[in-house]
file upload.pdb (PDB, C-alpha atoms and all ligand atoms)
MODEL        1
ATOM      1  CA  MET A   1       0.000   0.000   0.000
ATOM      2  CA  LYS A   2       2.544   2.598  -1.114
ATOM      3  CA  LYS A   3       0.390   4.486  -3.603
ATOM      4  CA  TYR A   4       0.715   7.596  -1.485
ATOM      5  CA  LEU A   5       4.492   7.675  -1.979
ATOM      6  CA  GLU A   6       4.409   7.123  -5.713
ATOM      7  CA  LYS A   7       1.423   9.057  -6.987
ATOM      8  CA  HIS A   8       2.359  12.567  -8.101
ATOM      9  CA  LEU A   9      -0.333  14.931  -9.105
ATOM     10  CA  ASP A  10      -0.473  17.364 -11.959
ATOM     11  CA  TRP A  11      -2.728  20.085 -10.608
ATOM     12  CA  GLN A  12      -3.672  21.324 -14.055
ATOM     13  CA  THR A  13      -5.238  18.114 -15.343
ATOM     14  CA  ASP A  14      -8.961  17.441 -15.393
ATOM     15  CA  GLU A  15      -8.276  14.134 -13.691
ATOM     16  CA  ILE A  16      -7.064  15.789 -10.494
ATOM     17  CA  VAL A  17      -9.759  18.430 -10.557
ATOM     18  CA  ASN A  18     -12.379  15.704 -10.858
ATOM     19  CA  GLN A  19     -10.766  13.886  -7.966
ATOM     20  CA  TYR A  20     -10.547  17.105  -5.968
ATOM     21  CA  ASP A  21     -14.211  17.570  -6.558
ATOM     22  CA  GLU A  22     -14.809  14.499  -4.414
ATOM     23  CA  LEU A  23     -13.310  16.458  -1.539
ATOM     24  CA  PRO A  24     -16.506  18.038  -0.317
ATOM     25  CA  LEU A  25     -16.271  14.972   1.913
ATOM     26  CA  TRP A  26     -13.617  17.037   3.732
ATOM     27  CA  SER A  27     -14.923  20.485   2.844
ATOM     28  CA  SER A  28     -18.549  19.757   3.553
ATOM     29  CA  VAL A  29     -18.112  19.313   7.306
ATOM     30  CA  PHE A  30     -16.739  22.861   7.429
ATOM     31  CA  GLY A  31     -19.156  24.108   4.795
ATOM     32  CA  GLN A  32     -22.091  22.942   6.872
ATOM     33  CA  LEU A  33     -21.082  25.472   9.520
ATOM     34  CA  ILE A  34     -21.440  28.234   6.951
ATOM     35  CA  LEU A  35     -24.572  26.816   5.350
ATOM     36  CA  ASN A  36     -26.295  26.439   8.716
ATOM     37  CA  ASN A  37     -25.351  29.863  10.047
ATOM     38  CA  PHE A  38     -24.735  32.494   7.365
ATOM     39  CA  PRO A  39     -27.250  35.352   7.533
ATOM     40  CA  ILE A  40     -29.789  34.842   4.745
ATOM     41  CA  ASN A  41     -31.265  37.955   3.268
ATOM     42  CA  LYS A  42     -32.185  39.612  -0.005
ATOM     43  CA  TYR A  43     -28.725  40.508  -1.242
ATOM     44  CA  ASP A  44     -27.553  42.130  -4.473
ATOM     45  CA  GLN A  45     -23.955  40.852  -4.483
ATOM     46  CA  TYR A  46     -22.410  37.777  -2.848
ATOM     47  CA  LEU A  47     -18.734  36.695  -3.036
ATOM     48  CA  ASP A  48     -17.077  33.363  -2.147
ATOM     49  CA  VAL A  49     -13.285  33.612  -1.757
ATOM     50  CA  GLY A  50     -11.192  30.523  -2.577
ATOM     51  CA  CYS A  51     -14.243  28.821  -4.058
ATOM     52  CA  GLY A  52     -12.209  25.955  -5.557
ATOM     53  CA  THR A  53     -14.501  23.875  -7.743
ATOM     54  CA  GLY A  54     -17.536  25.835  -6.551
ATOM     55  CA  PHE A  55     -18.155  25.069  -2.902
ATOM     56  CA  PRO A  56     -19.958  26.599  -1.101
ATOM     57  CA  LEU A  57     -20.420  29.219  -3.851
ATOM     58  CA  ILE A  58     -22.844  27.278  -6.043
ATOM     59  CA  ASP A  59     -24.871  26.024  -3.094
ATOM     60  CA  ILE A  60     -25.222  29.390  -1.350
ATOM     61  CA  ALA A  61     -25.844  31.204  -4.638
ATOM     62  CA  GLN A  62     -28.788  28.902  -5.345
ATOM     63  CA  ARG A  63     -30.120  29.415  -1.835
ATOM     64  CA  LEU A  64     -29.951  33.197  -2.309
ATOM     65  CA  GLY A  65     -31.561  32.972  -5.738
ATOM     66  CA  ASP A  66     -31.092  34.588  -9.109
ATOM     67  CA  LYS A  67     -31.880  38.136  -7.930
ATOM     68  CA  CYS A  68     -28.499  38.104  -6.224
ATOM     69  CA  ARG A  69     -25.346  38.240  -8.346
ATOM     70  CA  SER A  70     -23.063  35.541  -6.902
ATOM     71  CA  ILE A  71     -19.351  35.520  -7.651
ATOM     72  CA  GLY A  72     -16.584  33.072  -6.786
ATOM     73  CA  ILE A  73     -12.899  33.863  -6.947
ATOM     74  CA  ASP A  74     -10.022  31.384  -7.010
ATOM     75  CA  SER A  75      -6.488  31.411  -8.411
ATOM     76  CA  TRP A  76      -6.555  27.710  -9.427
ATOM     77  CA  HIS A  77      -7.169  27.624 -13.179
ATOM     78  CA  SER A  78      -8.487  24.050 -13.511
ATOM     79  CA  ALA A  79     -10.784  24.376 -10.514
ATOM     80  CA  VAL A  80     -12.289  27.570 -11.928
ATOM     81  CA  ARG A  81     -12.878  25.757 -15.230
ATOM     82  CA  ARG A  82     -14.596  22.911 -13.403
ATOM     83  CA  ALA A  83     -16.788  25.315 -11.409
ATOM     84  CA  LYS A  84     -17.813  27.045 -14.649
ATOM     85  CA  THR A  85     -18.762  23.695 -16.199
ATOM     86  CA  LYS A  86     -20.905  22.876 -13.170
ATOM     87  CA  ILE A  87     -22.601  26.270 -13.362
ATOM     88  CA  GLU A  88     -23.312  25.744 -17.063
ATOM     89  CA  THR A  89     -24.491  22.190 -16.464
ATOM     90  CA  ILE A  90     -27.001  23.149 -13.814
ATOM     91  CA  GLY A  91     -27.931  26.284 -15.712
ATOM     92  CA  THR A  92     -27.272  28.852 -13.014
ATOM     93  CA  GLU A  93     -25.802  31.590 -15.168
ATOM     94  CA  TYR A  94     -26.372  34.204 -12.472
ATOM     95  CA  ILE A  95     -23.306  32.651 -10.792
ATOM     96  CA  GLN A  96     -19.929  33.779 -12.072
ATOM     97  CA  VAL A  97     -16.444  32.453 -11.292
ATOM     98  CA  ILE A  98     -13.324  34.545 -11.729
ATOM     99  CA  GLU A  99      -9.768  33.258 -11.869
ATOM    100  CA  ALA A 100      -7.823  35.757  -9.778
ATOM    101  CA  ASP A 101      -5.593  36.120  -6.756
ATOM    102  CA  ALA A 102      -7.694  37.072  -3.740
ATOM    103  CA  SER A 103      -4.892  39.250  -2.432
ATOM    104  CA  ASP A 104      -6.009  41.682  -5.150
ATOM    105  CA  ILE A 105      -9.788  41.279  -5.530
ATOM    106  CA  PRO A 106     -10.912  42.893  -8.816
ATOM    107  CA  PHE A 107     -13.904  44.801  -7.353
ATOM    108  CA  SER A 108     -14.400  48.271  -5.979
ATOM    109  CA  ASP A 109     -14.640  49.135  -2.269
ATOM    110  CA  ASN A 110     -17.877  48.395  -0.399
ATOM    111  CA  PHE A 111     -19.266  46.211  -3.185
ATOM    112  CA  PHE A 112     -20.514  42.972  -1.568
ATOM    113  CA  ASP A 113     -23.395  42.317   0.833
ATOM    114  CA  LEU A 114     -22.108  38.918   1.955
ATOM    115  CA  ILE A 115     -18.701  37.215   1.672
ATOM    116  CA  THR A 116     -17.827  33.621   2.581
ATOM    117  CA  SER A 117     -14.621  31.597   2.550
ATOM    118  CA  ASN A 118     -14.621  27.898   3.397
ATOM    119  CA  LEU A 119     -11.202  26.503   4.341
ATOM    120  CA  GLY A 120      -9.434  29.441   2.703
ATOM    121  CA  ILE A 121      -7.289  31.067   5.363
ATOM    122  CA  ASN A 122      -4.827  28.158   5.855
ATOM    123  CA  ASN A 123      -4.320  28.011   2.115
ATOM    124  CA  PHE A 124      -3.659  31.652   1.289
ATOM    125  CA  ALA A 125       0.041  32.469   0.938
ATOM    126  CA  ASN A 126      -0.666  35.848   2.531
ATOM    127  CA  PRO A 127      -3.857  35.514   4.625
ATOM    128  CA  GLN A 128      -3.547  39.019   6.074
ATOM    129  CA  LYS A 129      -3.504  40.556   2.599
ATOM    130  CA  VAL A 130      -6.523  38.506   1.477
ATOM    131  CA  LEU A 131      -8.494  39.406   4.617
ATOM    132  CA  THR A 132      -7.678  43.086   4.140
ATOM    133  CA  GLU A 133      -9.027  42.803   0.582
ATOM    134  CA  ILE A 134     -12.169  41.021   1.789
ATOM    135  CA  TYR A 135     -12.686  43.827   4.298
ATOM    136  CA  ARG A 136     -12.238  46.438   1.566
ATOM    137  CA  VAL A 137     -14.796  44.956  -0.857
ATOM    138  CA  LEU A 138     -17.419  44.209   1.837
ATOM    139  CA  LYS A 139     -20.072  46.869   2.486
ATOM    140  CA  SER A 140     -20.069  48.474   5.934
ATOM    141  CA  GLY A 141     -22.268  46.652   8.429
ATOM    142  CA  ARG A 142     -22.259  43.475   6.306
ATOM    143  CA  THR A 143     -21.032  39.971   7.114
ATOM    144  CA  PHE A 144     -18.022  37.814   6.281
ATOM    145  CA  CYS A 145     -18.358  34.118   7.257
ATOM    146  CA  THR A 146     -15.328  31.865   7.301
ATOM    147  CA  THR A 147     -14.247  28.453   8.540
ATOM    148  CA  THR A 148     -10.900  26.847   9.088
ATOM    149  CA  ASN A 149      -9.251  23.868  10.722
ATOM    150  CA  LEU A 150      -6.831  24.701  13.489
ATOM    151  CA  VAL A 151      -3.541  23.668  15.054
ATOM    152  CA  GLY A 152      -4.366  20.273  16.550
ATOM    153  CA  THR A 153      -5.593  18.858  13.227
ATOM    154  CA  PHE A 154      -4.633  15.142  13.184
ATOM    155  CA  ASP A 155      -2.871  15.586  16.549
ATOM    156  CA  GLU A 156      -2.707  11.808  17.095
ATOM    157  CA  PHE A 157      -1.009  11.423  13.703
ATOM    158  CA  TYR A 158       1.535  14.188  14.325
ATOM    159  CA  THR A 159       2.485  12.747  17.739
ATOM    160  CA  ILE A 160       3.462   9.526  15.949
ATOM    161  CA  PHE A 161       5.043  11.436  13.039
ATOM    162  CA  GLU A 162       7.336  13.268  15.471
ATOM    163  CA  LYS A 163       8.156  10.066  17.364
ATOM    164  CA  VAL A 164       9.146   8.389  14.105
ATOM    165  CA  LEU A 165      11.349  11.361  13.182
ATOM    166  CA  HIS A 166      13.185  10.733  16.473
ATOM    167  CA  LEU A 167      13.278   6.941  16.094
ATOM    168  CA  THR A 168      14.737   7.172  12.585
ATOM    169  CA  GLY A 169      17.319   9.741  13.711
ATOM    170  CA  LEU A 170      15.836  12.354  11.367
ATOM    171  CA  TYR A 171      14.354  14.787  13.891
ATOM    172  CA  GLU A 172      17.257  17.261  14.024
ATOM    173  CA  LYS A 173      17.588  17.248  10.234
ATOM    174  CA  TYR A 174      13.901  18.065   9.649
ATOM    175  CA  ARG A 175      12.950  19.834  12.903
ATOM    176  CA  ILE A 176      12.587  23.301  11.348
ATOM    177  CA  LYS A 177      10.610  22.132   8.298
ATOM    178  CA  TYR A 178       8.372  19.979  10.501
ATOM    179  CA  HIS A 179       7.498  22.776  12.918
ATOM    180  CA  LYS A 180       7.015  25.253  10.081
ATOM    181  CA  HIS A 181       4.499  22.830   8.602
ATOM    182  CA  LEU A 182       2.672  22.415  11.931
ATOM    183  CA  ASP A 183       2.556  26.180  12.457
ATOM    184  CA  HIS A 184       0.953  26.964   9.076
ATOM    185  CA  ARG A 185      -2.366  26.233  10.797
ATOM    186  CA  GLY A 186      -3.541  28.933  13.133
ATOM    187  CA  THR A 187      -4.754  28.633  16.700
ATOM    188  CA  LEU A 188      -8.108  30.022  17.780
ATOM    189  CA  GLU A 189      -6.277  33.053  19.212
ATOM    190  CA  SER A 190      -4.122  33.690  16.133
ATOM    191  CA  MET A 191      -7.199  33.418  13.866
ATOM    192  CA  ARG A 192      -9.077  35.933  16.020
ATOM    193  CA  GLU A 193      -6.102  38.293  15.894
ATOM    194  CA  LEU A 194      -5.822  37.942  12.113
ATOM    195  CA  LEU A 195      -9.488  38.868  11.630
ATOM    196  CA  ILE A 196      -9.451  41.728  14.109
ATOM    197  CA  SER A 197      -6.234  43.181  12.713
ATOM    198  CA  SER A 198      -7.849  43.136   9.262
ATOM    199  CA  GLY A 199     -10.558  45.426  10.646
ATOM    200  CA  PHE A 200     -13.351  42.928  11.386
ATOM    201  CA  LYS A 201     -15.479  42.700  14.494
ATOM    202  CA  ILE A 202     -16.106  39.057  15.399
ATOM    203  CA  GLU A 203     -19.824  38.752  16.086
ATOM    204  CA  ARG A 204     -20.080  35.009  16.440
ATOM    205  CA  GLU A 205     -17.672  32.132  16.864
ATOM    206  CA  ILE A 206     -18.483  28.419  16.820
ATOM    207  CA  SER A 207     -15.627  26.126  17.865
ATOM    208  CA  THR A 208     -16.184  22.468  17.359
ATOM    209  CA  SER A 209     -14.374  19.362  16.199
ATOM    210  CA  TYR A 210     -14.948  16.083  14.493
ATOM    211  CA  VAL A 211     -13.184  12.768  14.199
ATOM    212  CA  MET A 212     -12.115  10.987  11.013
ATOM    213  CA  ARG A 213     -11.922   7.210  11.394
ATOM    214  CA  PHE A 214      -9.775   4.747   9.470
ATOM    215  CA  LEU A 215      -9.065   1.058   9.904
ATOM    216  CA  ASN A 216      -5.348   1.772  10.317
ATOM    217  CA  GLY A 217      -2.378   3.820   9.099
ATOM    218  CA  SER A 218      -2.260   2.078   5.724
ATOM    219  CA  THR A 219      -5.848   2.937   4.851
ATOM    220  CA  PHE A 220      -5.367   6.470   6.196
ATOM    221  CA  LEU A 221      -2.223   7.180   4.130
ATOM    222  CA  ASN A 222      -3.787   5.733   0.975
ATOM    223  CA  HIS A 223      -7.139   7.494   1.357
ATOM    224  CA  SER A 224      -7.895   9.918  -1.496
ATOM    225  CA  VAL A 225      -8.511  12.806   0.931
ATOM    226  CA  ILE A 226      -4.962  12.353   2.244
ATOM    227  CA  ILE A 227      -3.415  11.845  -1.189
ATOM    228  CA  VAL A 228      -5.103  14.922  -2.640
ATOM    229  CA  GLY A 229      -5.014  17.252   0.343
ATOM    230  CA  PHE A 230      -2.187  16.323   2.680
ATOM    231  CA  ILE A 231       0.492  13.876   1.554
ATOM    232  CA  ASP A 232       2.456  16.378  -0.553
ATOM    233  CA  ALA A 233       3.165  18.561   2.464
ATOM    234  CA  TRP A 234       4.431  15.553   4.445
ATOM    235  CA  ARG A 235       6.442  14.051   1.581
ATOM    236  CA  SER A 236       8.078  17.294   0.561
ATOM    237  CA  MET A 237       9.493  17.744   4.062
ATOM    238  CA  LEU A 238      11.911  14.864   3.466
ATOM    239  CA  ASP A 239      14.821  14.356   1.067
ATOM    240  CA  THR A 240      14.388  11.505  -1.429
ATOM    241  CA  ASP A 241      16.934   9.295   0.395
ATOM    242  CA  ASP A 242      15.028   9.484   3.692
ATOM    243  CA  LYS A 243      11.488   9.215   2.350
ATOM    244  CA  GLU A 244      11.105   5.459   1.891
ATOM    245  CA  LYS A 245      12.641   4.572   5.272
ATOM    246  CA  PHE A 246      10.641   7.209   7.133
ATOM    247  CA  PHE A 247       7.241   6.414   5.623
ATOM    248  CA  GLU A 248       7.761   2.690   6.048
ATOM    249  CA  HIS A 249       8.391   3.263   9.755
ATOM    250  CA  LEU A 250       5.533   5.766  10.013
ATOM    251  CA  GLU A 251       2.998   3.461   8.386
ATOM    252  CA  ARG A 252       4.070   0.580  10.615
ATOM    253  CA  SER A 253       3.859   2.723  13.779
ATOM    254  CA  LEU A 254       0.409   4.037  12.810
ATOM    255  CA  ASN A 255      -0.740   0.464  12.231
ATOM    256  CA  VAL A 256       0.540  -0.665  15.634
ATOM    257  CA  TYR A 257      -1.168   2.344  17.270
ATOM    258  CA  SER A 258      -4.438   1.511  15.463
ATOM    259  CA  GLU A 259      -4.382  -2.034  16.856
ATOM    260  CA  ILE A 260      -4.910  -0.659  20.378
ATOM    261  CA  ASP A 261      -8.452   0.648  19.643
ATOM    262  CA  GLY A 262      -9.052  -1.451  16.549
ATOM    263  CA  GLU A 263      -9.168   1.753  14.483
ATOM    264  CA  LEU A 264      -7.329   5.022  13.836
ATOM    265  CA  ARG A 265      -9.262   8.028  15.137
ATOM    266  CA  LEU A 266      -7.984  11.460  14.179
ATOM    267  CA  SER A 267      -9.317  14.731  15.592
ATOM    268  CA  ILE A 268      -9.980  17.842  13.553
ATOM    269  CA  PRO A 269     -10.623  21.035  15.532
ATOM    270  CA  MET A 270     -12.546  23.569  13.488
ATOM    271  CA  VAL A 271     -13.990  27.035  13.855
ATOM    272  CA  TYR A 272     -16.629  29.189  12.189
ATOM    273  CA  PHE A 273     -16.309  32.976  12.463
ATOM    274  CA  GLU A 274     -19.032  35.446  11.587
ATOM    275  CA  CYS A 275     -17.463  38.859  11.207
ATOM    276  CA  ARG A 276     -18.958  42.292  10.728
ATOM    277  CA  LYS A 277     -17.398  45.222   8.904
TER     278      LYS A 277
HETATM  279  C1  LIG B 301      -8.913  23.960   0.786
HETATM  280  S1  LIG B 301      -9.389  24.708  -0.710
HETATM  281  C2  LIG B 301     -11.086  25.101  -0.346
HETATM  282  C3  LIG B 301     -11.898  25.169  -1.581
HETATM  283  C4  LIG B 301     -13.413  25.287  -1.361
HETATM  284  N1  LIG B 301     -13.776  26.526  -0.720
HETATM  285  C5  LIG B 301     -13.951  24.105  -0.583
HETATM  286  O1  LIG B 301     -14.483  24.322   0.517
HETATM  287  O2  LIG B 301     -13.865  22.980  -1.066
HETATM  288  C6  LIG B 301      -8.624  26.311  -0.700
HETATM  289  C7  LIG B 301      -8.824  27.083  -1.995
HETATM  290  O3  LIG B 301      -8.194  28.367  -1.877
HETATM  291  C8  LIG B 301      -7.648  28.697  -3.148
HETATM  292  N2  LIG B 301      -6.625  29.732  -2.987
HETATM  293  C9  LIG B 301      -5.440  29.652  -2.355
HETATM  294  N3  LIG B 301      -4.800  30.824  -2.419
HETATM  295  C10 LIG B 301      -5.579  31.675  -3.129
HETATM  296  C11 LIG B 301      -5.476  33.036  -3.520
HETATM  297  N4  LIG B 301      -4.421  33.771  -3.204
HETATM  298  N5  LIG B 301      -6.472  33.583  -4.220
HETATM  299  C12 LIG B 301      -7.578  32.865  -4.547
HETATM  300  N6  LIG B 301      -7.732  31.570  -4.191
HETATM  301  C13 LIG B 301      -6.763  30.991  -3.492
HETATM  302  C14 LIG B 301      -7.112  27.373  -3.653
HETATM  303  O4  LIG B 301      -6.881  27.401  -5.049
HETATM  304  C15 LIG B 301      -8.205  26.418  -3.232
HETATM  305  O5  LIG B 301      -9.191  26.266  -4.203
ENDMDL
END

call {"tool": "encode", "arguments": {"input": "upload.pdb", "output": "structure tokens", "more": "lines below"}}
Ligand SMILES: C[S@@+](CC[C@H](N)C(=O)[O-])C[C@H]1O[C@@H](n2cnc3c(N)ncnc32)[C@H](O)[C@@H]1O
result
Amino acid sequence: MKKYLEKHLDWQTDEIVNQYDELPLWSSVFGQLILNNFPINKYDQYLDVGCGTGFPLIDIAQRLGDKCRSIGIDSWHSAVRRAKTKIETIGTEYIQVIEADASDIPFSDNFFDLITSNLGINNFANPQKVLTEIYRVLKSGRTFCTTTNLVGTFDEFYTIFEKVLHLTGLYEKYRIKYHKHLDHRGTLESMRELLISSGFKIEREISTSYVMRFLNGSTFLNHSVIIVGFIDAWRSMLDTDDKEKFFEHLERSLNVYSEIDGELRLSIPMVYFECRK
């Protein structure tokens, strides 16, 4: 079961975009927080930032109806193409998707009545810049809803990952890269600070978590959610010479750990923020 080590993805192919489109399995748990809580109203302009292949853009846009002009923005060319195909397919031409970098949103100040971003913040190279842009294009008194996973994501996995770095004598070599990777996810406090320093007032915050369950480490590492969304970050931490040895040890350790409970249970802390300009 070493598919996860061998499979390299070309992000510009339809194949990977189609596969990515299965990911609402991962995205939907977060998206539900937005779908269940965003303020519904008669809006003129709605924006979804980092809409990927169209989630939650297409869903929310349909809930708001065709009187509202709904726009998604994402810098990923193939995903934008896929979202456009979906919009055409379901015949919702009042929804528009724009391929652009959200750190420079191509709209004037105070333009949107509602802005959402599902699982965006951790993925933006410069989250502060994107949030400042979101603040700029949102009308005063209007709402920005966002979700993210936090530091603590897959904690059980990372505890074993770090142990294996030590056991294989690789910890010192990769310590900085490893901690940089862990720190790319914010804490509840750092997320609050990021939003407040971008000008927002946090009106509502829902912190929750969920558990993803796998039979063992082998099924976890080979799961499509991991191969599409996570494995690259873990693989690219290690030099080619160390990769095989490390992942062999990691997979074995995860499997031994899974034997204790008869399954591998991994926690995902998540938060929904509702912010007012
Ligand atoms: C984890 S995905 C979430 C996608 C979608 N919202 C969902 O819930 O499935 C993060 C998205 O942010 C996009 N992204 C990252 N940086 C961006 C930027 N600077 N401008 C626009 N989109 C960006 C990625 O291309 C990707 O589609």

call {"tool": "closest_residue", "arguments": {"input": "upload.pdb", "among": "A:Asp239, A:Ser190, A:Ile115, A:His249", "to": "His166 of chain A", "atoms": "all atoms listed in the file"}}
result
A:His249

call {"tool": "closest_atom_pairs", "arguments": {"input": "upload.pdb", "of": "segment 24-69 of chain A", "to": "segment 89-99 of chain A", "cutoff": "12 Å", "atoms": "only C-alpha atoms", "output": "tab-separated table"}}
result
residue	atom	partner	partner_atom	distance
A:Asp44	CA	A:Tyr94	CA	11.3
A:Gln45	CA	A:Ile95	CA	10.4
A:Tyr46	CA	A:Ile95	CA	9.5
A:Leu47	CA	A:Val97	CA	9.6
A:Asp48	CA	A:Val97	CA	9.2
A:Val49	CA	A:Ile98	CA	10.0
A:Gly50	CA	A:Glu99	CA	9.8
A:Cys51	CA	A:Val97	CA	8.4
A:Gly52	CA	A:Val97	CA	9.6
A:Thr53	CA	A:Val97	CA	9.5
A:Gly54	CA	A:Val97	CA	8.2
A:Phe55	CA	A:Val97	CA	11.3
A:Pro56	CA	A:Ile95	CA	11.9
A:Leu57	CA	A:Ile95	CA	8.3
A:Ile58	CA	A:Ile95	CA	7.2
A:Asp59	CA	A:Ile95	CA	10.3
A:Ile60	CA	A:Ile95	CA	10.2
A:Ala61	CA	A:Ile95	CA	6.8
A:Gln62	CA	A:Thr92	CA	7.8
A:Arg63	CA	A:Thr92	CA	11.5
A:Leu64	CA	A:Ile95	CA	10.8
A:Gly65	CA	A:Tyr94	CA	8.6
A:Asp66	CA	A:Tyr94	CA	5.8
A:Lys67	CA	A:Tyr94	CA	8.2
A:Cys68	CA	A:Tyr94	CA	7.7
A:Arg69	CA	A:Tyr94	CA	5.9

call {"tool": "residues_near_point", "arguments": {"input": "upload.pdb", "point": "(-2.6, 17.9, -0.2)", "cutoff": "12 Å", "atoms": "all atoms listed in the file", "output": "list in words"}}
result
Tyr4, Lys7, His8, Leu9, Asp10, Trp11, Ile16, Gln19, Tyr20, Leu23, Trp26, Asn123, Leu221, His223, Ser224, Val225, Ile226, Ile227, Val228, Gly229, Phe230, Ile231, Asp232, Ala233, Trp234, Arg235 and Ser236 of chain A

call {"tool": "write_last_selection", "arguments": {"input": "upload.pdb", "atoms": "C-alpha atoms", "output": "mmCIF file, keeping the file's coordinate frame"}}
result
data_model
loop_
_atom_site.group_PDB
_atom_site.id
_atom_site.type_symbol
_atom_site.label_atom_id
_atom_site.label_comp_id
_atom_site.auth_asym_id
_atom_site.auth_seq_id
_atom_site.Cartn_x
_atom_site.Cartn_y
_atom_site.Cartn_z
ATOM 1 C CA TYR A 4 0.715 7.596 -1.485
ATOM 2 C CA LYS A 7 1.423 9.057 -6.987
ATOM 3 C CA HIS A 8 2.359 12.567 -8.101
ATOM 4 C CA LEU A 9 -0.333 14.931 -9.105
ATOM 5 C CA ASP A 10 -0.473 17.364 -11.959
ATOM 6 C CA TRP A 11 -2.728 20.085 -10.608
ATOM 7 C CA ILE A 16 -7.064 15.789 -10.494
ATOM 8 C CA GLN A 19 -10.766 13.886 -7.966
ATOM 9 C CA TYR A 20 -10.547 17.105 -5.968
ATOM 10 C CA LEU A 23 -13.310 16.458 -1.539
ATOM 11 C CA TRP A 26 -13.617 17.037 3.732
ATOM 12 C CA ASN A 123 -4.320 28.011 2.115
ATOM 13 C CA LEU A 221 -2.223 7.180 4.130
ATOM 14 C CA HIS A 223 -7.139 7.494 1.357
ATOM 15 C CA SER A 224 -7.895 9.918 -1.496
ATOM 16 C CA VAL A 225 -8.511 12.806 0.931
ATOM 17 C CA ILE A 226 -4.962 12.353 2.244
ATOM 18 C CA ILE A 227 -3.415 11.845 -1.189
ATOM 19 C CA VAL A 228 -5.103 14.922 -2.640
ATOM 20 C CA GLY A 229 -5.014 17.252 0.343
ATOM 21 C CA PHE A 230 -2.187 16.323 2.680
ATOM 22 C CA ILE A 231 0.492 13.876 1.554
ATOM 23 C CA ASP A 232 2.456 16.378 -0.553
ATOM 24 C CA ALA A 233 3.165 18.561 2.464
ATOM 25 C CA TRP A 234 4.431 15.553 4.445
ATOM 26 C CA ARG A 235 6.442 14.051 1.581
ATOM 27 C CA SER A 236 8.078 17.294 0.561
#

call {"tool": "resolve_selection", "arguments": {"input": "upload.pdb", "expression": "the PyMOL selection byres (((chain A and resi 136) around 12) and not hetatm)", "output": "VMD selection string"}}
result
chain A and resid 102 to 113 115 129 to 135 137 to 140 142 144 198 to 200 277

call {"tool": "atom_distance", "arguments": {"input": "upload.pdb", "atom1": "atom CA of Leu150 of chain A", "atom2": "atom CA of Phe247 of chain A"}}
result
24.4 Å

call {"tool": "atom_distance", "arguments": {"input": "upload.pdb", "atom1": "atom CA of Ser117 of chain A", "atom2": "atom CA of Ser267 of chain A"}}
result
22.0 Å

call {"tool": "resolve_selection", "arguments": {"input": "upload.pdb", "expression": "the PyMOL selection byres (((chain A and resi 251) around 10) and not hetatm)", "output": "PyMOL selection string"}}
result
chain A and resi 1-2+160-161+164+216-221+246-250+252-257

call {"tool": "axis_aligned_box", "arguments": {"input": "upload.pdb", "around": "segment 174-193 of chain A", "padding_each_side": "4 Å", "output": "AutoDock Vina command-line options"}}
result
--center_x 2.4 --center_y 28.2 --center_z 13.8 --size_x 31.0 --size_y 28.2 --size_z 18.9

call {"tool": "atom_distance", "arguments": {"input": "upload.pdb", "atom1": "atom C9 of ligand LIG 301 (chain B)", "atom2": "atom CA of Phe38 of chain A"}}
result
21.8 Å

call {"tool": "residues_around", "arguments": {"input": "upload.pdb", "residues": "Thr153 of chain A", "least_positions_apart": "5", "cutoff": "8 Å", "atoms": "only C-alpha atoms", "output": "PDB file with C-alpha atoms, in the frame of the given file"}}
result
ATOM      1  CA  LEU A 266      -7.984  11.460  14.179  1.00  0.00           C
ATOM      2  CA  SER A 267      -9.317  14.731  15.592  1.00  0.00           C
ATOM      3  CA  ILE A 268      -9.980  17.842  13.553  1.00  0.00           C
ATOM      4  CA  PRO A 269     -10.623  21.035  15.532  1.00  0.00           C
TER       5      PRO A 269
END

call {"tool": "resolve_selection", "arguments": {"input": "upload.pdb", "expression": "the PyMOL selection byres (((chain A and resi 119) around 6) and not hetatm)", "output": "list in words"}}
result
Asn118, Gly120, Thr147 and Thr148 of chain A

call {"tool": "closest_residue", "arguments": {"input": "upload.pdb", "among": "A:Met191, A:Leu165, A:Val271, A:Ile34", "to": "Leu114 of chain A", "atoms": "all atoms listed in the file"}}
result
A:Ile34

call {"tool": "closest_residue", "arguments": {"input": "upload.pdb", "among": "A:Asp183, A:Asp74, A:Asp155, A:Glu6", "to": "ligand LIG 301 (chain B)", "atoms": "only C-alpha atoms and all ligand atoms"}}
result
A:Asp74

call {"tool": "closest_residue", "arguments": {"input": "upload.pdb", "among": "A:Leu182, A:Ile40, A:Leu35, A:Ala100", "to": "ligand LIG 301 (chain B)", "atoms": "only C-alpha atoms and all ligand atoms"}}
result
A:Ala100

call {"tool": "closest_residue", "arguments": {"input": "upload.pdb", "among": "A:Leu195, A:Ala83, A:Ile71, A:Val211", "to": "Gly152 of chain A", "atoms": "only C-alpha atoms"}}
result
A:Val211

call {"tool": "closest_residue", "arguments": {"input": "upload.pdb", "among": "A:Thr116, A:Asn36, A:Tyr272, A:Ile87", "to": "ligand LIG 301 (chain B)", "atoms": "all atoms listed in the file"}}
result
A:Thr116

call {"tool": "residues_around", "arguments": {"input": "upload.pdb", "residues": "Glu263 of chain A", "least_positions_apart": "4", "cutoff": "7 Å", "atoms": "only C-alpha atoms", "output": "number ranges by chain"}}
result
A: 213-216, 258-259
